[in-house]
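Q: First the structure, which I've put down as structure tokens, then a few questions once you've had a look.
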Amino acid sequence: MSEVPRQGGDGPASQTPGPEKSPPEKKSRAGRDLPAAIAVGGTLGVSIIAILLFAPKLWYVLVSVAFAIATWEVAKRLRTGGYDIALWPLLIGGQAIIWVSWPWGPTGVLVAFAATVLVSMVWKLLGQGINHAPVNYLRDLAVTVLVLAWLPLLASFGAHLVVQDDGAARVATLMVVVVCSDVGGYVAGVLFGKHPMAPAISPKKSWEGMVGSLLLGSVGSVCCIVFLIGSHWWIGMILGPALVVCATLGDLVESQVKRDLGIKDMGTLLPGHGGIMDRLDSLLPSAFVVWAVLTALL
């Protein structure tokens with residue numbers, strides 16, 4: 001994540017004594033509760049490593065549960081913002097999209113996605129009953145399809161990685177490169193970030209952070225391709241930059257969605273990170289990139 005450090009600080013201390021206040025929550029220069037974020041991130045990382053080492057097929061369970069929660073988080077925020085999306089088709093159809101990728105791959109995903117879109121169309125059409133016309137039908141249906149494509153459709157490619165050849169290594173590559181991109185961008189942004197990348201969307205992202213993401217992400221990608229998958233280093237040089245760019249854009253997409261809704265985080269489940277969706281924003285497009293590049297080149 002490419003960060004620009006926040007400028008300024010506290011003003012001069014007041015000369016008038018007042019009531020004692022509880023100490024503020026400690027945050028990093030990028031505005032994050034860093035100890036909590038590291039603890040949660042470490043716990044998630046260890047859990048994923050254990051699954052990939054000892055029970056790789058449980059990756060499907062982890063992905064399906066995570067995206068059920070993420071879909072509920074996003075739907076709740078959207079409904080609070082005035083969008084009446086088709087929640088049950090999203091939850092049930094989203095699970096179908098993820099799970100059918102196991103036996104039937106992209107073909108099954110496409111069929112499940114199309115079927116869920118059709119169900120959502122009818123759901124929103126008849127949700128008010130046959131004696132009442134739907135309200136904001138086009139808008140709410142469009143947002144429903146957006147969420148369906150944004151979450152379970154992209155997640156299905158990340159889930160499907162584990163059933164391919166060297167599946168655990170492919171999933172590990174996805175996770176390692178995204179983490180390298182995030183860490184490289186965070187460190188470079190905090191230390192050197194001076195030029196905002198997209199200040200109107202995410203003021204804390206900087207071009208210096210983007211360079212850090214590209215450097216560390218490319219190194220991590222090459223190492224994973226060579227040492228985990230055992231293939232040519234140049235595949236890592238293609239995968240790394242492509243994944244970093246898509247991860248950054250995925251982060252910006254979620255930032256704009258939250259900006260439209262007037263919220264800071266999608267949820268509060270993960271201390272220091274926000275909600276589940278706040279950790280999946282960059283992973284979603286990255287999962288598709290890893291699946292596409294490795295499927296094409298390996």
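Here's how to read the names in the structure tokens: chain A, B, ... by the order shown, residue numbers from 1 in each chain, ligand numbers from 1 in the order shown.
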List as a ChimeraX atom specification the protein and nucleic acid residues near region 231-240 of chain A, meaning an atom at most 10 Å away when only C-alpha atoms are counted, but skip any in the same chain fewer than 6 places from it.
A: /A:173-174,177-178,180-181,213-225,286,289-290,292-294,297-298
Q: Write the residues of the preceding selection, restricted to N, CA, C and O atoms, as a short mmCIF file (atom, residue, chain, number, x, y, z; two decimals), in the first residue's frame.
A:
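Now in selection_6.cif:
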data_model
loop_
_atom_site.label_atom_id
_atom_site.label_comp_id
_atom_site.auth_asym_id
_atom_site.auth_seq_id
_atom_site.Cartn_x
_atom_site.Cartn_y
_atom_site.Cartn_z
N THR A 173 2.34 -17.81 -3.82
CA THR A 173 2.87 -16.74 -4.67
C THR A 173 1.96 -15.52 -4.63
O THR A 173 2.41 -14.38 -4.50
N LEU A 174 0.66 -15.76 -4.77
CA LEU A 174 -0.30 -14.66 -4.67
C LEU A 174 -0.15 -13.91 -3.37
O LEU A 174 -0.03 -12.67 -3.35
N VAL A 177 3.49 -12.07 -2.94
CA VAL A 177 3.70 -10.89 -3.78
C VAL A 177 2.81 -9.73 -3.34
O VAL A 177 3.24 -8.57 -3.34
N VAL A 178 1.58 -10.02 -2.95
CA VAL A 178 0.70 -8.95 -2.45
C VAL A 178 1.27 -8.34 -1.17
O VAL A 178 1.27 -7.12 -1.00
N CYS A 180 4.46 -8.35 -0.27
CA CYS A 180 5.65 -7.59 -0.65
C CYS A 180 5.27 -6.23 -1.24
O CYS A 180 5.89 -5.21 -0.94
N SER A 181 4.25 -6.22 -2.07
CA SER A 181 3.78 -4.96 -2.65
C SER A 181 3.29 -4.01 -1.56
O SER A 181 3.61 -2.81 -1.56
N SER A 213 6.59 -0.50 -4.00
CA SER A 213 5.77 -1.69 -4.26
C SER A 213 6.28 -2.46 -5.46
O SER A 213 6.38 -3.70 -5.43
N LEU A 214 6.63 -1.76 -6.54
CA LEU A 214 7.12 -2.43 -7.74
C LEU A 214 8.44 -3.15 -7.48
O LEU A 214 8.63 -4.28 -7.94
N LEU A 215 9.33 -2.51 -6.73
CA LEU A 215 10.63 -3.12 -6.47
C LEU A 215 10.49 -4.38 -5.62
O LEU A 215 10.95 -5.47 -6.00
N LEU A 216 9.86 -4.24 -4.45
CA LEU A 216 9.77 -5.40 -3.56
C LEU A 216 8.81 -6.45 -4.10
O LEU A 216 9.06 -7.66 -3.95
N GLY A 217 7.74 -6.01 -4.77
CA GLY A 217 6.82 -6.97 -5.37
C GLY A 217 7.47 -7.79 -6.47
O GLY A 217 7.23 -9.00 -6.57
N SER A 218 8.31 -7.17 -7.28
CA SER A 218 9.00 -7.89 -8.35
C SER A 218 10.01 -8.87 -7.78
O SER A 218 10.14 -10.01 -8.26
N VAL A 219 10.74 -8.46 -6.74
CA VAL A 219 11.69 -9.36 -6.09
C VAL A 219 10.95 -10.56 -5.51
O VAL A 219 11.36 -11.72 -5.69
N GLY A 220 9.86 -10.30 -4.80
CA GLY A 220 9.08 -11.40 -4.23
C GLY A 220 8.52 -12.32 -5.30
O GLY A 220 8.50 -13.55 -5.14
N SER A 221 8.08 -11.76 -6.41
CA SER A 221 7.52 -12.56 -7.49
C SER A 221 8.56 -13.47 -8.11
O SER A 221 8.32 -14.67 -8.32
N VAL A 222 9.73 -12.92 -8.41
CA VAL A 222 10.81 -13.74 -9.00
C VAL A 222 11.21 -14.86 -8.04
O VAL A 222 11.38 -16.02 -8.46
N CYS A 223 11.34 -14.55 -6.76
CA CYS A 223 11.73 -15.57 -5.79
C CYS A 223 10.68 -16.69 -5.70
O CYS A 223 11.03 -17.87 -5.63
N CYS A 224 9.42 -16.32 -5.72
CA CYS A 224 8.37 -17.33 -5.65
C CYS A 224 8.35 -18.21 -6.89
O CYS A 224 8.20 -19.44 -6.79
N ILE A 225 8.47 -17.59 -8.06
CA ILE A 225 8.45 -18.37 -9.30
C ILE A 225 9.64 -19.33 -9.36
O ILE A 225 9.51 -20.50 -9.76
N SER A 286 -5.63 -9.07 -7.89
CA SER A 286 -4.36 -9.80 -7.90
C SER A 286 -4.59 -11.29 -8.12
O SER A 286 -3.81 -11.96 -8.81
N VAL A 289 -5.04 -11.89 -11.73
CA VAL A 289 -3.78 -11.72 -12.46
C VAL A 289 -2.89 -12.94 -12.28
O VAL A 289 -2.31 -13.45 -13.25
N VAL A 290 -2.76 -13.42 -11.05
CA VAL A 290 -1.92 -14.61 -10.81
C VAL A 290 -2.48 -15.81 -11.56
O VAL A 290 -1.74 -16.56 -12.21
N ALA A 292 -4.37 -15.85 -14.28
CA ALA A 292 -4.24 -15.65 -15.73
C ALA A 292 -2.80 -15.81 -16.19
O ALA A 292 -2.52 -16.53 -17.17
N VAL A 293 -1.86 -15.15 -15.49
CA VAL A 293 -0.46 -15.21 -15.92
C VAL A 293 0.11 -16.60 -15.78
O VAL A 293 0.75 -17.13 -16.70
N LEU A 294 -0.12 -17.25 -14.63
CA LEU A 294 0.45 -18.58 -14.42
C LEU A 294 -0.23 -19.63 -15.29
O LEU A 294 0.42 -20.58 -15.75
N LEU A 297 1.39 -19.04 -18.82
CA LEU A 297 2.83 -19.18 -19.00
C LEU A 297 3.43 -20.45 -18.41
O LEU A 297 4.59 -20.78 -18.73
N LEU A 298 2.71 -21.16 -17.59
CA LEU A 298 3.28 -22.39 -17.00
C LEU A 298 2.74 -23.63 -17.70
O LEU A 298 1.61 -23.65 -18.14
#
Q: Write down as a ChimeraX atom specification the residues belonging to region 4-215 of chain A that are assigned alpha helix (DSSP H) by DSSP computed on the backbone.
A: /A:34-54,58-80,87-99,101-126,137-148,154-160,167-192,207-215
Q: Those selected residues, please, written with C-alpha atoms and delivered as a CSV table (one decimal), in the first residue's frame.
A:
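Output saved as again_2.csv:
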chain,number,residue,atom,x,y,z
A,34,LEU,CA,0.4,-0.5,13.5
A,35,PRO,CA,0.9,-3.0,16.4
A,36,ALA,CA,-2.7,-4.3,16.0
A,37,ALA,CA,-2.3,-4.4,12.2
A,38,ILE,CA,0.9,-6.4,12.5
A,39,ALA,CA,-0.6,-8.8,15.1
A,40,VAL,CA,-3.7,-9.5,12.9
A,41,GLY,CA,-1.7,-9.7,9.7
A,42,GLY,CA,0.7,-12.2,11.3
A,43,THR,CA,-2.1,-14.3,12.6
A,44,LEU,CA,-3.8,-14.5,9.2
A,45,GLY,CA,-0.4,-15.2,7.6
A,46,VAL,CA,0.4,-18.1,9.9
A,47,SER,CA,-3.1,-19.5,9.4
A,48,ILE,CA,-2.8,-19.4,5.6
A,49,ILE,CA,0.7,-21.0,5.7
A,50,ALA,CA,-0.6,-23.8,7.9
A,51,ILE,CA,-3.5,-24.5,5.6
A,52,LEU,CA,-1.3,-24.5,2.5
A,53,LEU,CA,1.2,-26.9,4.1
A,54,PHE,CA,-1.1,-29.4,5.8
A,58,LEU,CA,-9.2,-26.1,3.1
A,59,TRP,CA,-8.2,-23.0,1.1
A,60,TYR,CA,-11.7,-23.2,-0.5
A,61,VAL,CA,-13.3,-23.1,2.9
A,62,LEU,CA,-11.3,-20.1,4.0
A,63,VAL,CA,-12.0,-18.2,0.8
A,64,SER,CA,-15.8,-19.0,0.9
A,65,VAL,CA,-16.1,-17.9,4.5
A,66,ALA,CA,-14.0,-14.8,4.0
A,67,PHE,CA,-16.1,-13.7,1.0
A,68,ALA,CA,-19.4,-14.4,2.7
A,69,ILE,CA,-18.4,-12.0,5.5
A,70,ALA,CA,-17.0,-9.5,3.0
A,71,THR,CA,-20.2,-9.6,0.9
A,72,TRP,CA,-22.3,-9.0,4.0
A,73,GLU,CA,-20.0,-6.1,5.1
A,74,VAL,CA,-20.3,-4.4,1.7
A,75,ALA,CA,-24.0,-5.1,1.4
A,76,LYS,CA,-24.6,-3.6,4.9
A,77,ARG,CA,-22.6,-0.4,4.0
A,78,LEU,CA,-24.4,-0.1,0.7
A,79,ARG,CA,-27.8,-0.5,2.3
A,80,THR,CA,-26.9,2.2,4.9
A,87,LEU,CA,-28.5,-9.6,-0.6
A,88,TRP,CA,-29.7,-13.2,-0.7
A,89,PRO,CA,-28.9,-13.8,-4.3
A,90,LEU,CA,-25.5,-12.2,-3.7
A,91,LEU,CA,-24.7,-14.5,-0.7
A,92,ILE,CA,-26.0,-17.7,-2.1
A,93,GLY,CA,-24.9,-17.1,-5.7
A,94,GLY,CA,-21.5,-15.8,-4.5
A,95,GLN,CA,-20.9,-19.1,-2.7
A,96,ALA,CA,-22.0,-21.1,-5.8
A,97,ILE,CA,-19.6,-19.0,-8.0
A,98,ILE,CA,-16.6,-19.9,-5.7
A,99,TRP,CA,-17.4,-23.5,-5.2
A,101,SER,CA,-14.7,-23.4,-9.8
A,102,TRP,CA,-13.3,-26.5,-8.0
A,103,PRO,CA,-14.8,-29.2,-10.3
A,104,TRP,CA,-15.7,-27.1,-13.4
A,105,GLY,CA,-13.1,-24.2,-13.5
A,106,PRO,CA,-13.9,-21.0,-15.4
A,107,THR,CA,-16.8,-22.6,-17.3
A,108,GLY,CA,-18.6,-23.4,-14.1
A,109,VAL,CA,-17.8,-19.9,-12.7
A,110,LEU,CA,-19.3,-18.2,-15.8
A,111,VAL,CA,-22.5,-20.3,-15.6
A,112,ALA,CA,-22.9,-19.6,-11.9
A,113,PHE,CA,-22.3,-15.9,-12.4
A,114,ALA,CA,-24.8,-15.6,-15.2
A,115,ALA,CA,-27.4,-17.6,-13.3
A,116,THR,CA,-26.9,-15.3,-10.2
A,117,VAL,CA,-27.3,-12.2,-12.4
A,118,LEU,CA,-30.6,-13.6,-13.8
A,119,VAL,CA,-31.9,-14.4,-10.3
A,120,SER,CA,-30.9,-10.9,-9.1
A,121,MET,CA,-32.8,-9.4,-12.0
A,122,VAL,CA,-36.0,-11.2,-11.1
A,123,TRP,CA,-35.4,-10.7,-7.4
A,124,LYS,CA,-35.3,-7.0,-7.7
A,125,LEU,CA,-38.1,-6.9,-10.2
A,126,LEU,CA,-40.6,-8.8,-8.0
A,137,TYR,CA,-34.5,-0.9,-10.2
A,138,LEU,CA,-31.7,-0.1,-12.6
A,139,ARG,CA,-29.5,1.6,-10.0
A,140,ASP,CA,-29.8,-1.1,-7.4
A,141,LEU,CA,-29.5,-4.0,-9.9
A,142,ALA,CA,-26.3,-2.4,-11.4
A,143,VAL,CA,-24.8,-2.2,-7.9
A,144,THR,CA,-25.8,-5.8,-7.2
A,145,VAL,CA,-24.0,-7.0,-10.3
A,146,LEU,CA,-21.0,-4.8,-9.5
A,147,VAL,CA,-20.6,-6.4,-6.1
A,148,LEU,CA,-21.1,-9.9,-7.6
A,154,LEU,CA,-12.7,-12.4,-8.8
A,155,ALA,CA,-12.4,-14.5,-5.6
A,156,SER,CA,-13.2,-17.7,-7.6
A,157,PHE,CA,-9.9,-17.4,-9.5
A,158,GLY,CA,-8.0,-17.1,-6.3
A,159,ALA,CA,-9.7,-20.2,-4.9
A,160,HIS,CA,-9.2,-22.2,-8.2
A,167,GLY,CA,-1.6,-25.2,-6.3
A,168,ALA,CA,-0.3,-24.5,-2.8
A,169,ALA,CA,2.7,-22.8,-4.3
A,170,ARG,CA,0.5,-20.7,-6.6
A,171,VAL,CA,-1.6,-19.5,-3.7
A,172,ALA,CA,1.5,-18.8,-1.7
A,173,THR,CA,2.9,-16.7,-4.7
A,174,LEU,CA,-0.3,-14.7,-4.7
A,175,MET,CA,-0.1,-14.0,-0.9
A,176,VAL,CA,3.7,-13.3,-0.9
A,177,VAL,CA,3.7,-10.9,-3.8
A,178,VAL,CA,0.7,-8.9,-2.5
A,179,VAL,CA,2.4,-8.7,1.0
A,180,CYS,CA,5.7,-7.6,-0.7
A,181,SER,CA,3.8,-5.0,-2.6
A,182,ASP,CA,2.0,-3.7,0.5
A,183,VAL,CA,5.1,-3.6,2.6
A,184,GLY,CA,7.3,-2.1,-0.1
A,185,GLY,CA,4.7,0.6,-0.8
A,186,TYR,CA,4.1,1.3,2.9
A,187,VAL,CA,7.7,1.7,3.9
A,188,ALA,CA,8.7,3.7,0.8
A,189,GLY,CA,5.6,5.9,1.2
A,190,VAL,CA,6.1,6.6,4.9
A,191,LEU,CA,9.9,7.3,4.4
A,192,PHE,CA,10.0,9.1,1.1
A,207,TRP,CA,4.4,7.6,-6.5
A,208,GLU,CA,7.4,6.9,-4.2
A,209,GLY,CA,5.3,4.2,-2.5
A,210,MET,CA,4.4,2.8,-5.9
A,211,VAL,CA,8.1,2.5,-6.8
A,212,GLY,CA,8.6,0.7,-3.5
A,213,SER,CA,5.8,-1.7,-4.3
A,214,LEU,CA,7.1,-2.4,-7.7
A,215,LEU,CA,10.6,-3.1,-6.5
Q: With only C-alpha atoms as the basis for distance, which of A:Leu161, A:Ala198, A:Leu153, A:Ala86 is at the shortest distance from Leu252 (chain A)?
A: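 Residue with the minimum atom-to-atom distance to Leu252 (chain A): A:Ala198.
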Q: With a distance cut-off of 6 Å and only C-alpha atoms, select the neighbouring residues of region 281-284 of chain A, excluding the residue or stretch itself and same-chain residues fewer than 3 positions from it, and output the selection as a PyMOL selection string.
A: chain A and resi 154-155+247+250-251+278+287
Q: Just list as a ChimeraX atom specification whatever in region 40-287 of chain A DSSP marks as strand (DSSP E).
A: /A:196-198,202-206
Q: Would you save the residues of that selection, restricted to N, CA, C and O atoms, as a PDB file, in the first residue's frame?
A:
ATOM      1  N   PRO A 196       1.633  12.720  -4.115  1.00  0.00           N
ATOM      2  CA  PRO A 196       0.432  11.882  -4.118  1.00  0.00           C
ATOM      3  C   PRO A 196       0.131  11.325  -5.504  1.00  0.00           C
ATOM      4  O   PRO A 196       0.262  12.022  -6.507  1.00  0.00           O
ATOM      5  N   MET A 197      -0.293  10.080  -5.536  1.00  0.00           N
ATOM      6  CA  MET A 197      -0.605   9.424  -6.802  1.00  0.00           C
ATOM      7  C   MET A 197      -1.994   9.814  -7.302  1.00  0.00           C
ATOM      8  O   MET A 197      -2.163  10.168  -8.470  1.00  0.00           O
ATOM      9  N   ALA A 198      -2.981   9.718  -6.409  1.00  0.00           N
ATOM     10  CA  ALA A 198      -4.366  10.051  -6.774  1.00  0.00           C
ATOM     11  C   ALA A 198      -5.003  10.752  -5.582  1.00  0.00           C
ATOM     12  O   ALA A 198      -5.819  10.164  -4.866  1.00  0.00           O
ATOM     13  N   SER A 202      -7.350   8.715  -2.978  1.00  0.00           N
ATOM     14  CA  SER A 202      -6.663   8.197  -1.789  1.00  0.00           C
ATOM     15  C   SER A 202      -5.452   9.073  -1.522  1.00  0.00           C
ATOM     16  O   SER A 202      -4.368   8.827  -2.073  1.00  0.00           O
ATOM     17  N   PRO A 203      -5.584  10.107  -0.674  1.00  0.00           N
ATOM     18  CA  PRO A 203      -4.519  11.096  -0.485  1.00  0.00           C
ATOM     19  C   PRO A 203      -3.216  10.520   0.055  1.00  0.00           C
ATOM     20  O   PRO A 203      -2.164  11.138  -0.112  1.00  0.00           O
ATOM     21  N   LYS A 204      -3.262   9.336   0.697  1.00  0.00           N
ATOM     22  CA  LYS A 204      -2.056   8.796   1.315  1.00  0.00           C
ATOM     23  C   LYS A 204      -1.201   7.970   0.355  1.00  0.00           C
ATOM     24  O   LYS A 204      -0.099   7.564   0.717  1.00  0.00           O
ATOM     25  N   LYS A 205      -1.679   7.707  -0.836  1.00  0.00           N
ATOM     26  CA  LYS A 205      -0.881   6.928  -1.791  1.00  0.00           C
ATOM     27  C   LYS A 205       0.057   7.852  -2.559  1.00  0.00           C
ATOM     28  O   LYS A 205      -0.351   8.888  -3.049  1.00  0.00           O
ATOM     29  N   SER A 206       1.313   7.441  -2.685  1.00  0.00           N
ATOM     30  CA  SER A 206       2.314   8.272  -3.344  1.00  0.00           C
ATOM     31  C   SER A 206       2.995   7.505  -4.462  1.00  0.00           C
ATOM     32  O   SER A 206       3.013   6.269  -4.489  1.00  0.00           O
TER      33      SER A 206
END
